[in-house]
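**Student:** My structure is stored as run17.txt, with compact mmCIF, C-alpha atoms.
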```
# COMPACT_ATOMS: atom_id res chain seq x y z
CA MET P 561 36.19 -9.00 -6.44
CA ASP P 562 38.25 -5.98 -5.65
CA ILE P 563 37.57 -5.63 -1.99
CA SER P 564 39.26 -2.26 -1.76
CA THR P 565 36.31 -0.63 -3.54
CA ASP P 566 34.01 1.11 -1.12
CA ASN P 567 30.69 -0.53 -0.36
CA ASP P 568 28.58 2.50 -1.23
CA GLY P 569 30.05 2.68 -4.72
CA LEU P 570 29.41 -1.01 -5.29
CA ASN P 571 25.90 -0.79 -3.95
CA GLU P 572 25.17 2.03 -6.35
CA GLU P 573 26.56 -0.02 -9.19
CA VAL P 574 24.39 -3.01 -8.22
CA GLU P 575 21.31 -0.81 -7.89
CA GLY P 576 22.06 0.64 -11.33
CA ARG P 577 22.33 -2.81 -12.87
CA LEU P 578 19.08 -3.91 -11.27
CA ASP P 579 17.30 -0.76 -12.41
CA ASN P 580 18.49 -1.39 -15.95
CA LEU P 581 17.27 -4.95 -15.90
CA PHE P 582 13.98 -4.49 -14.12
CA GLY P 583 13.49 -0.77 -14.71
CA ASP P 584 10.28 -0.41 -16.66
CA GLU P 585 8.17 -2.58 -14.46
CA ASP P 586 4.58 -1.46 -14.02
CA THR P 587 3.93 0.01 -10.64
CA ALA P 588 2.32 -2.21 -8.07
CA ALA P 589 -0.69 0.07 -7.95
CA ASP P 590 -1.25 -0.27 -11.70
CA ILE P 591 -1.04 -4.02 -11.56
CA LEU P 592 -3.35 -4.27 -8.59
CA GLU P 593 -5.76 -1.95 -10.33
CA ASP P 594 -5.86 -4.31 -13.30
CA SER P 595 -6.78 -7.18 -11.06
CA HIS P 596 -9.30 -5.27 -9.00
CA GLU P 597 -12.44 -7.21 -8.38
CA SER P 598 -15.53 -6.13 -6.57
CA ASP P 599 -16.29 -7.43 -3.09
CA ASP P 600 -19.61 -8.86 -4.18
CA SER P 601 -18.18 -11.23 -6.77
CA PRO P 602 -20.44 -14.28 -7.05
CA LEU P 603 -17.29 -16.42 -7.18
CA ARG P 604 -15.85 -15.23 -3.88
CA GLU P 605 -16.87 -18.33 -1.94
CA LEU P 606 -15.68 -20.66 -4.70
CA LYS P 607 -12.34 -18.82 -4.90
CA THR P 608 -11.83 -19.27 -1.17
CA ILE P 609 -12.43 -22.98 -1.61
CA VAL P 610 -10.09 -23.26 -4.62
CA LEU P 611 -7.39 -21.45 -2.66
CA SER P 612 -7.88 -23.70 0.33
CA ILE P 613 -7.22 -26.87 -1.64
CA ASP P 614 -3.95 -27.79 0.05
CA TRP P 615 -1.35 -30.41 -0.69
CA GLU P 616 -3.55 -33.13 0.65
CA ILE P 617 -6.88 -33.00 -1.13
CA THR P 618 -9.56 -33.78 1.45
CA ASP P 619 -13.14 -34.96 1.13
CA GLU P 620 -14.34 -31.93 3.02
CA VAL P 621 -12.83 -29.37 0.69
CA MET P 622 -13.90 -31.19 -2.47
CA THR P 623 -17.45 -31.65 -1.14
CA ASN P 624 -17.57 -27.91 -0.45
CA PHE P 625 -16.24 -27.28 -3.93
CA VAL P 626 -18.84 -29.44 -5.66
CA GLU P 627 -21.65 -27.98 -3.54
CA GLN P 628 -20.57 -24.41 -4.24
CA VAL P 629 -20.42 -25.12 -7.99
CA ALA P 630 -23.98 -26.46 -7.78
CA VAL P 631 -25.13 -23.29 -6.00
CA LEU P 632 -23.50 -21.13 -8.67
CA LYS P 633 -24.99 -23.22 -11.47
CA ASP P 634 -28.42 -22.43 -10.15
CA ARG P 635 -27.63 -18.78 -9.48
CA LEU P 636 -25.97 -18.08 -12.83
CA LYS P 637 -28.01 -20.41 -15.04
CA ASP P 638 -29.09 -17.60 -17.39
CA ASP P 639 -25.58 -17.07 -18.70
CA LYS P 640 -24.86 -20.01 -21.01
CA ILE P 641 -21.10 -19.45 -21.15
CA ILE P 642 -20.72 -19.28 -17.39
CA LEU P 643 -22.98 -22.30 -17.04
CA VAL P 644 -20.71 -24.39 -19.28
CA PHE P 645 -17.70 -23.27 -17.25
CA LEU P 646 -19.47 -24.38 -14.09
CA GLN P 647 -20.50 -27.72 -15.61
CA LEU P 648 -16.89 -28.44 -16.50
CA LEU P 649 -15.73 -27.38 -13.04
CA GLY P 650 -18.39 -29.54 -11.40
CA SER P 651 -17.43 -32.55 -13.45
CA LEU P 652 -13.72 -32.14 -12.72
CA GLY P 653 -14.49 -31.50 -9.06
CA GLU P 654 -16.37 -34.80 -8.83
CA TYR P 655 -13.46 -36.59 -10.48
CA VAL P 656 -10.86 -35.09 -8.11
CA LYS P 657 -13.15 -35.77 -5.15
CA ILE P 658 -13.24 -39.47 -6.01
CA ASN P 659 -9.60 -39.89 -6.99
CA LYS P 660 -7.93 -37.29 -4.75
CA GLY P 661 -4.14 -37.72 -4.87
CA LYS P 662 -4.48 -40.38 -7.55
CA SER P 663 -6.13 -37.94 -9.94
CA HIS P 664 -4.47 -37.39 -13.29
CA PRO P 665 -1.61 -34.87 -12.90
CA GLY P 666 -3.33 -32.51 -15.32
CA ALA P 667 -6.70 -32.52 -13.53
CA PHE P 668 -5.83 -30.05 -10.81
CA LYS P 669 -4.06 -27.82 -13.30
CA ILE P 670 -7.10 -27.71 -15.56
CA LEU P 671 -9.39 -27.19 -12.60
CA THR P 672 -7.35 -24.15 -11.57
CA SER P 673 -7.16 -22.88 -15.13
CA LEU P 674 -10.93 -23.30 -15.55
CA PHE P 675 -11.58 -21.38 -12.38
CA ASN P 676 -9.17 -18.57 -13.29
CA GLU P 677 -10.71 -18.16 -16.73
CA LEU P 678 -14.24 -18.27 -15.31
CA ASP P 679 -13.18 -15.60 -12.84
CA LYS P 680 -11.88 -13.51 -15.73
CA VAL P 681 -15.11 -13.93 -17.69
CA VAL P 682 -17.27 -13.04 -14.69
CA GLN P 683 -15.19 -10.07 -13.55
CA SER P 684 -14.09 -8.39 -16.74
CA LYS P 685 -16.44 -5.79 -18.10
CA ASP P 686 -14.37 -5.34 -21.26
CA LEU P 687 -14.73 -8.84 -22.68
CA THR P 688 -17.13 -9.26 -25.58
CA GLU P 689 -19.28 -12.37 -25.99
CA SER P 690 -16.92 -13.49 -28.72
CA ASP P 691 -13.89 -13.10 -26.40
CA LYS P 692 -15.69 -15.11 -23.74
CA LYS P 693 -16.52 -17.86 -26.23
CA LYS P 694 -12.88 -18.04 -27.30
CA ILE P 695 -11.76 -18.41 -23.68
CA LEU P 696 -14.38 -21.08 -23.10
CA SER P 697 -13.40 -22.97 -26.26
CA ALA P 698 -9.77 -23.05 -25.15
CA GLU P 699 -10.80 -24.46 -21.77
CA ILE P 700 -13.11 -27.03 -23.38
CA ALA P 701 -10.21 -28.17 -25.56
CA LYS P 702 -8.02 -28.67 -22.47
CA TYR P 703 -10.83 -30.53 -20.75
CA LYS P 704 -11.37 -32.80 -23.77
CA THR P 705 -7.66 -33.57 -23.97
CA LEU P 706 -7.68 -34.58 -20.33
CA LYS P 707 -10.78 -36.69 -20.85
CA GLU P 708 -9.12 -38.50 -23.75
CA GLN P 709 -6.05 -39.14 -21.63
CA LEU P 710 -8.24 -40.53 -18.88
CA ILE P 711 -10.07 -42.80 -21.30
CA LYS P 712 -6.76 -44.04 -22.68
CA ALA P 713 -5.44 -44.69 -19.18
CA LYS P 714 -8.59 -46.51 -18.07
CA PRO P 715 -7.90 -49.92 -19.70
CA LYS P 716 -4.73 -50.23 -17.61
CA LYS P 717 -6.88 -50.60 -14.53
CA GLU P 718 -9.22 -53.03 -16.26
CA GLU P 719 -6.29 -55.17 -17.26
CA LYS P 720 -4.97 -55.29 -13.73
CA GLU P 721 -8.33 -56.05 -12.20
CA PRO P 722 -10.32 -57.96 -14.85
CA GLU P 723 -12.70 -59.33 -12.25
CA ILE P 724 -14.22 -55.88 -11.72
CA SER P 725 -15.58 -55.75 -15.27
CA PRO P 726 -16.44 -59.34 -16.20
CA ASP P 727 -18.91 -58.14 -18.83
CA LYS P 728 -16.19 -56.69 -20.98
CA GLU P 729 -15.16 -59.16 -23.64
CA THR P 730 -11.70 -57.80 -24.04
CA ALA P 731 -9.74 -55.12 -22.32
CA GLU P 732 -7.72 -52.78 -24.48
CA PRO P 733 -4.06 -53.69 -24.07
CA VAL P 734 -1.73 -51.17 -22.50
CA ASP P 735 0.52 -49.63 -25.12
CA LEU P 736 3.83 -50.87 -23.75
CA ASN P 737 5.81 -48.78 -26.20
CA ASP P 738 4.20 -45.60 -24.89
CA LEU P 739 4.79 -46.71 -21.35
CA ALA P 740 8.44 -47.49 -22.05
CA THR P 741 8.93 -44.13 -23.77
CA ALA P 742 7.37 -42.31 -20.82
CA ILE P 743 9.62 -44.16 -18.38
CA ARG P 744 12.67 -43.36 -20.51
CA GLU P 745 11.70 -39.70 -20.59
CA ILE P 746 11.25 -39.54 -16.84
CA LYS P 747 14.58 -41.28 -16.30
CA GLN P 748 16.31 -38.87 -18.66
CA LEU P 749 14.75 -35.88 -16.93
CA LEU P 750 15.87 -37.07 -13.52
CA LYS P 751 19.36 -37.84 -14.81
CA THR P 752 19.72 -34.34 -16.24
CA GLU P 753 18.55 -32.74 -13.02
CA PHE P 754 20.86 -34.78 -10.85
CA LYS P 755 23.75 -34.11 -13.21
CA ALA P 756 23.14 -30.37 -12.93
CA LEU P 757 22.87 -30.64 -9.16
CA ARG P 758 26.06 -32.66 -8.90
CA ALA P 759 27.88 -30.15 -11.06
CA GLU P 760 26.69 -27.34 -8.86
CA LEU P 761 27.61 -29.15 -5.67
CA GLN P 762 31.07 -29.77 -7.07
CA SER P 763 31.48 -26.16 -8.07
CA LEU P 764 30.39 -25.11 -4.59
CA ARG P 765 32.85 -27.48 -2.97
CA LYS P 766 35.66 -25.89 -5.00
CA MET C 432 29.48 -18.38 0.42
CA ALA C 433 29.01 -17.33 -3.19
CA PHE C 434 31.07 -19.02 -5.86
CA VAL C 435 33.70 -16.51 -7.03
CA ASN C 436 35.76 -17.33 -10.11
CA PRO C 437 38.67 -14.86 -10.30
CA LYS C 438 39.88 -16.26 -13.64
CA LYS C 439 36.56 -15.74 -15.39
CA LYS C 440 35.88 -12.67 -13.25
CA GLU C 441 32.51 -14.13 -12.34
CA VAL C 442 30.43 -14.33 -9.17
CA GLN C 443 27.54 -16.77 -8.79
CA VAL C 444 24.91 -15.70 -6.31
CA LYS C 445 22.38 -18.27 -5.12
CA ILE C 446 19.05 -16.98 -3.88
CA VAL C 447 16.41 -19.40 -2.61
CA TYR C 448 12.69 -18.69 -2.34
CA TYR C 449 11.52 -20.54 0.76
CA GLY C 450 8.13 -20.81 2.46
CA PRO C 451 5.06 -22.93 3.08
CA GLY C 452 3.40 -24.97 0.33
CA ARG C 453 1.19 -23.11 -2.11
CA GLY C 454 2.48 -19.80 -0.78
CA GLY C 455 3.57 -18.45 -4.17
CA LYS C 456 7.29 -19.18 -4.48
CA THR C 457 7.00 -20.61 -7.97
CA THR C 458 4.57 -17.84 -8.91
CA ASN C 459 7.25 -15.27 -7.98
CA LEU C 460 9.72 -16.87 -10.36
CA GLU C 461 7.11 -17.32 -13.06
CA TYR C 462 6.21 -13.65 -12.85
CA ILE C 463 9.87 -12.60 -13.15
CA TYR C 464 10.39 -14.99 -16.03
CA LYS C 465 7.28 -13.97 -17.95
CA LYS C 466 7.77 -10.27 -17.41
CA PHE C 467 11.47 -10.08 -18.17
CA ARG C 468 12.24 -13.08 -20.35
CA GLN C 469 13.23 -10.82 -23.26
CA ARG C 470 15.84 -9.15 -21.09
CA ILE C 471 17.18 -12.01 -19.01
CA LYS C 472 17.44 -14.30 -22.05
CA THR C 473 17.51 -17.52 -20.06
CA GLU C 474 15.10 -20.38 -19.51
CA MET C 475 13.30 -21.25 -16.33
CA VAL C 476 13.47 -24.89 -15.33
CA THR C 477 10.52 -26.27 -13.40
CA ILE C 478 9.72 -29.77 -12.31
CA LYS C 479 6.17 -30.25 -11.19
CA THR C 480 4.14 -33.06 -9.80
CA HIS C 481 0.46 -33.86 -9.26
CA GLY C 482 -1.65 -30.76 -9.16
CA ASP C 483 1.00 -28.40 -10.42
CA ARG C 484 3.02 -28.22 -7.24
CA THR C 485 6.80 -28.06 -7.17
CA LEU C 486 8.27 -31.53 -6.78
CA PHE C 487 11.95 -30.82 -6.87
CA PHE C 488 12.68 -27.16 -7.49
CA ASP C 489 12.37 -24.28 -9.90
CA PHE C 490 15.51 -22.70 -11.24
CA LEU C 491 15.88 -19.35 -12.96
CA PRO C 492 19.39 -18.12 -13.76
CA PHE C 493 20.19 -14.69 -15.18
CA ASP C 494 23.02 -12.19 -15.36
CA ILE C 495 22.74 -8.68 -14.06
CA GLY C 496 25.88 -7.54 -15.88
CA LYS C 497 29.23 -6.37 -14.61
CA VAL C 498 29.73 -4.91 -11.18
CA ASN C 499 33.22 -3.72 -10.38
CA GLY C 500 34.51 -5.68 -13.38
CA TYR C 501 32.88 -8.96 -12.31
CA ASP C 502 29.99 -10.67 -14.07
CA ILE C 503 27.25 -11.20 -11.51
CA LYS C 504 25.28 -14.35 -12.21
CA ILE C 505 22.11 -14.69 -10.18
CA GLN C 506 20.54 -18.10 -9.64
CA LEU C 507 17.01 -18.14 -8.27
CA TYR C 508 15.71 -21.38 -6.77
CA THR C 509 12.50 -22.39 -5.09
CA VAL C 510 12.03 -25.28 -2.72
CA PRO C 511 8.99 -27.57 -2.52
CA GLY C 512 6.83 -26.34 0.33
CA GLN C 513 5.25 -29.66 1.18
CA VAL C 514 6.34 -30.79 4.63
CA LYS C 515 7.48 -34.26 3.52
CA TYR C 516 10.09 -32.91 1.07
CA ASN C 517 12.45 -31.61 3.73
CA ALA C 518 15.45 -33.49 2.33
CA THR C 519 14.99 -31.71 -1.00
CA ARG C 520 14.60 -28.35 0.72
CA ARG C 521 17.80 -28.94 2.64
CA LEU C 522 19.64 -29.91 -0.52
CA VAL C 523 18.50 -26.82 -2.39
CA LEU C 524 19.57 -24.63 0.54
CA ARG C 525 23.14 -25.82 0.27
CA GLY C 526 25.42 -22.91 -0.61
CA VAL C 527 22.59 -20.38 -0.38
CA ASP C 528 23.62 -16.72 -0.29
CA GLY C 529 20.25 -15.04 0.19
CA ILE C 530 16.70 -16.06 1.01
CA VAL C 531 13.28 -14.71 0.14
CA PHE C 532 10.81 -16.14 2.62
CA VAL C 533 7.42 -16.15 0.91
CA ALA C 534 4.76 -16.22 3.61
CA ASP C 535 1.11 -16.80 2.79
CA ALA C 536 -0.94 -13.89 4.10
CA MET C 537 -4.15 -15.94 4.28
CA GLU C 538 -5.40 -16.20 7.85
CA VAL C 539 -5.70 -19.97 7.59
CA ARG C 540 -1.99 -20.27 6.79
CA ARG C 541 -0.70 -18.50 9.90
CA GLU C 542 0.65 -21.57 11.62
CA LYS C 543 2.18 -22.96 8.43
CA ASN C 544 4.19 -19.76 7.94
CA ILE C 545 5.62 -19.98 11.43
CA LEU C 546 6.46 -23.67 11.06
CA SER C 547 8.10 -23.08 7.70
CA LEU C 548 10.29 -20.26 9.04
CA LYS C 549 11.31 -22.50 11.92
CA ASN C 550 12.10 -25.24 9.40
CA LEU C 551 14.26 -22.78 7.44
CA GLN C 552 16.17 -21.90 10.58
CA GLU C 553 16.76 -25.59 11.33
CA ASN C 554 17.83 -26.40 7.79
CA LEU C 555 20.26 -23.48 7.70
CA ALA C 556 21.66 -24.61 11.04
CA ASN C 557 22.38 -27.93 9.37
CA TYR C 558 24.88 -26.04 7.19
CA LYS C 559 26.11 -24.13 10.24
CA LYS C 560 24.44 -20.98 9.01
CA SER C 561 22.45 -18.63 11.16
CA ILE C 562 19.21 -17.20 9.83
CA PHE C 563 20.19 -13.99 11.60
CA LYS C 564 23.42 -13.70 9.63
CA THR C 565 21.99 -14.70 6.25
CA PRO C 566 20.37 -12.03 4.06
CA VAL C 567 16.61 -12.64 4.26
CA VAL C 568 13.73 -10.66 2.80
CA LEU C 569 10.20 -11.47 3.93
CA GLN C 570 7.43 -11.34 1.39
CA TYR C 571 3.82 -11.46 2.61
CA ASN C 572 2.13 -12.83 -0.46
CA LYS C 573 -1.48 -12.93 -1.72
CA MET C 574 -2.35 -9.41 -0.60
CA ASP C 575 -4.60 -9.13 -3.67
CA LEU C 576 -7.03 -11.54 -2.03
CA ALA C 577 -8.14 -8.80 0.36
CA GLU C 578 -9.95 -7.24 -2.61
CA GLN C 579 -12.10 -10.35 -2.77
CA GLY C 580 -12.98 -10.43 0.89
CA ILE C 581 -10.76 -13.40 1.73
CA PRO C 582 -9.57 -13.11 5.33
CA LEU C 583 -5.90 -12.11 5.48
CA LEU C 584 -3.48 -11.58 8.32
CA ALA C 585 -2.62 -7.95 9.04
CA LEU C 586 0.93 -6.90 8.13
CA GLU C 587 1.53 -6.15 11.83
CA THR C 588 0.52 -9.69 12.75
CA LEU C 589 2.75 -11.16 10.05
CA ASN C 590 5.65 -9.03 11.22
CA GLN C 591 5.00 -10.01 14.81
CA ASP C 592 4.91 -13.71 13.89
CA LEU C 593 7.84 -13.80 11.50
CA ASN C 594 9.92 -10.66 11.79
CA ASP C 595 9.96 -9.91 15.48
CA LYS C 596 13.48 -11.24 15.90
CA LEU C 597 14.74 -11.12 12.32
CA LYS C 598 14.00 -7.43 11.82
CA THR C 599 14.62 -7.67 8.11
CA PRO C 600 12.95 -5.89 5.17
CA SER C 601 9.42 -7.14 4.52
CA TYR C 602 6.89 -6.44 1.79
CA GLY C 603 3.23 -7.12 1.29
CA ALA C 604 2.98 -8.55 -2.21
CA SER C 605 0.97 -10.36 -4.81
CA ALA C 606 3.06 -12.74 -6.88
CA LEU C 607 0.03 -13.47 -9.04
CA VAL C 608 -0.36 -9.90 -10.25
CA GLY C 609 3.26 -8.94 -9.69
CA SER C 610 3.02 -6.30 -7.02
CA ASN C 611 6.28 -6.02 -5.07
CA VAL C 612 7.72 -9.11 -6.74
CA VAL C 613 10.50 -7.11 -8.35
CA THR C 614 10.96 -4.91 -5.27
CA THR C 615 11.52 -8.08 -3.24
CA LEU C 616 13.95 -9.45 -5.81
CA LYS C 617 15.95 -6.24 -6.08
CA LYS C 618 16.17 -5.99 -2.31
CA ILE C 619 17.42 -9.53 -1.80
CA ILE C 620 19.98 -9.20 -4.61
CA SER C 621 21.43 -5.98 -3.26
CA MET C 622 21.43 -7.28 0.35
CA THR C 623 23.10 -10.50 -0.76
CA ILE C 624 25.79 -8.82 -2.82
CA SER C 625 26.55 -6.45 0.08
CA SER C 626 26.82 -9.45 2.37
CA ILE C 627 29.18 -11.24 -0.04
CA ILE C 628 31.37 -8.16 -0.25
CA ARG C 629 31.47 -7.94 3.55
CA GLU C 630 32.48 -11.60 3.76
CA LEU C 631 35.22 -11.12 1.19
CA LYS C 632 36.76 -8.26 3.16
```
Translate this structure into structure tokens?
**Tutor:**
Amino acid sequence: MDISTDNDGLNEEVEGRLDNLFGDEDTAADILEDSHESDDSPLRELKTIVLSIDWEITDEVMTNFVEQVAVLKDRLKDDKIILVFLQLLGSLGEYVKINKGKSHPGAFKILTSLFNELDKVVQSKDLTESDKKKILSAEIAKYKTLKEQLIKAKPKKEEKEPEISPDKETAEPVDLNDLATAIREIKQLLKTEFKALRAELQSLRK
Amino acid sequence: MAFVNPKKKEVQVKIVYYGPGRGGKTTNLEYIYKKFRQRIKTEMVTIKTHGDRTLFFDFLPFDIGKVNGYDIKIQLYTVPGQVKYNATRRLVLRGVDGIVFVADAMEVRREKNILSLKNLQENLANYKKSIFKTPVVLQYNKMDLAEQGIPLLALETLNQDLNDKLKTPSYGASALVGSNVVTTLKKIISMTISSIIRELK
């Protein structure tokens, strides 16, 4: 870089570039206005719990979660759409509570997505019943996909520990091809990332 | 120090979003990517683990165009906030030019913010860098939660905890809705480029 150029001139140039790139951004006030929610939201307590789910998922927080969902189910039972949302949340909450860190990777993601969409449905005055149903259907589809994945994954455990389910005549075999493909994909992903990192480290060393 | 390629007339600027776990570092990058993907024309790379948390890092590169005849290439990274991934955090910090420290404004996260900033200072020291000589912008994230009655730390308290010695620009923000995300980004880019120019002199 030409170091003889004065700093002020360069700063102005940088500012200009940044304004060009990020210029038409909505103002913070507008964005916050869009997300404004009233203080008396029935989901406030549940939101606090969802936000407090930290890296390590504890019994305490998941018990609070499940209990709060039960309270809301009773309180909001007249709204069928909200009730279905809460049933799904309750079911997922129970699953995460039991499995904690061993839960399926998608479970927490779907739990968060379910909560966010429920929040949207509860808070937004502009959504029609049809809009709400569409949102719910999308969440149900995600939930079903997860459930199918969990069902598929279940026989693995049975195969490892056949003594737990002696009544079962046969356990479904693990699809070794799928497993091998998944391992290959993970390996490839890691290789690519490390390659990129190494390249960057080398370029930095130069 | 930024990577300067005089032949290609190109400068690579590495900016790392640092902070405690679940503070909103990835959300910052996701907001920038979603909002400006048509303009930045690059892809964001994210590797996630159980529960949607960052395992390795997020990476978002983009060009801001020519400044003084040089192409300025910005590379945004996040680090995993989880305490046990310190080796990864340290690795991502290597060659960093500027840092956005994303603090979590929730009252319950007060101690984690302080520990994470201390961890940043230690990890920079590992590369013989001083936090006081590195461009840093503080972002106090999740301010939107105040609207929902969730207890937050006051900006004064956050500044007292984190910015008493640093005395660097700080912004209350909400990465989720996007308030002050771009302001933070623009500030760290301009501070970092100024710092690089000073170093080159």
**Student:** If we count all atoms listed in the file, what is near C:Phe532 at a cut-off of 7 Å, once residues fewer than 4 positions away on the same chain are taken out, given as a PyMOL selection string?
**Tutor:** chain C and resi 448-450+567-570
**Student:** Out of C:Asn459, C:Asn550, C:Gln469, C:Thr565, which residue has the shortest atom-to-atom distance to chain P when counting all atoms listed in the file?
**Tutor:**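 Of the candidates, the smallest distance to chain P is held by C:Gln469.
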**Student:** What are the residues of chain C lining chain P at 8 Å or less? Count only C-alpha atoms, and put the answer as an MDAnalysis selection string.
**Tutor:** chainID C and resid 434:435 437 440 452:453 467 470:471 480:483 495:501 513 526 575 578:581 608:611 613 617 621 625 628 631:632
**Student:** Between atom CA of C:Ile446 and atom CA of C:Leu507, what distance in Å does the model show, to one decimal?
**Tutor:**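 So the answer is 5.0 Å.
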**Student:** Just to confirm, what's the straight-line distance from atom CA of C:Asp502 to atom CA of C:Glu441 in Å (one decimal)?
**Tutor:**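 That distance, rounded to one decimal, is 4.6 Å.
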**Student:** Determine the nearest neighbour of C:Val531 from the options C:Lys559, C:Lys596, C:Arg468, C:Lys445, counting only C-alpha atoms.
**Tutor:**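 Counting only C-alpha atoms, the residue closest to C:Val531 is C:Lys445.
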**Student:** So how many Å separate atom CA of C:Thr614 and atom CA of C:Tyr462, to one decimal?
**Tutor:** 12.5 Å
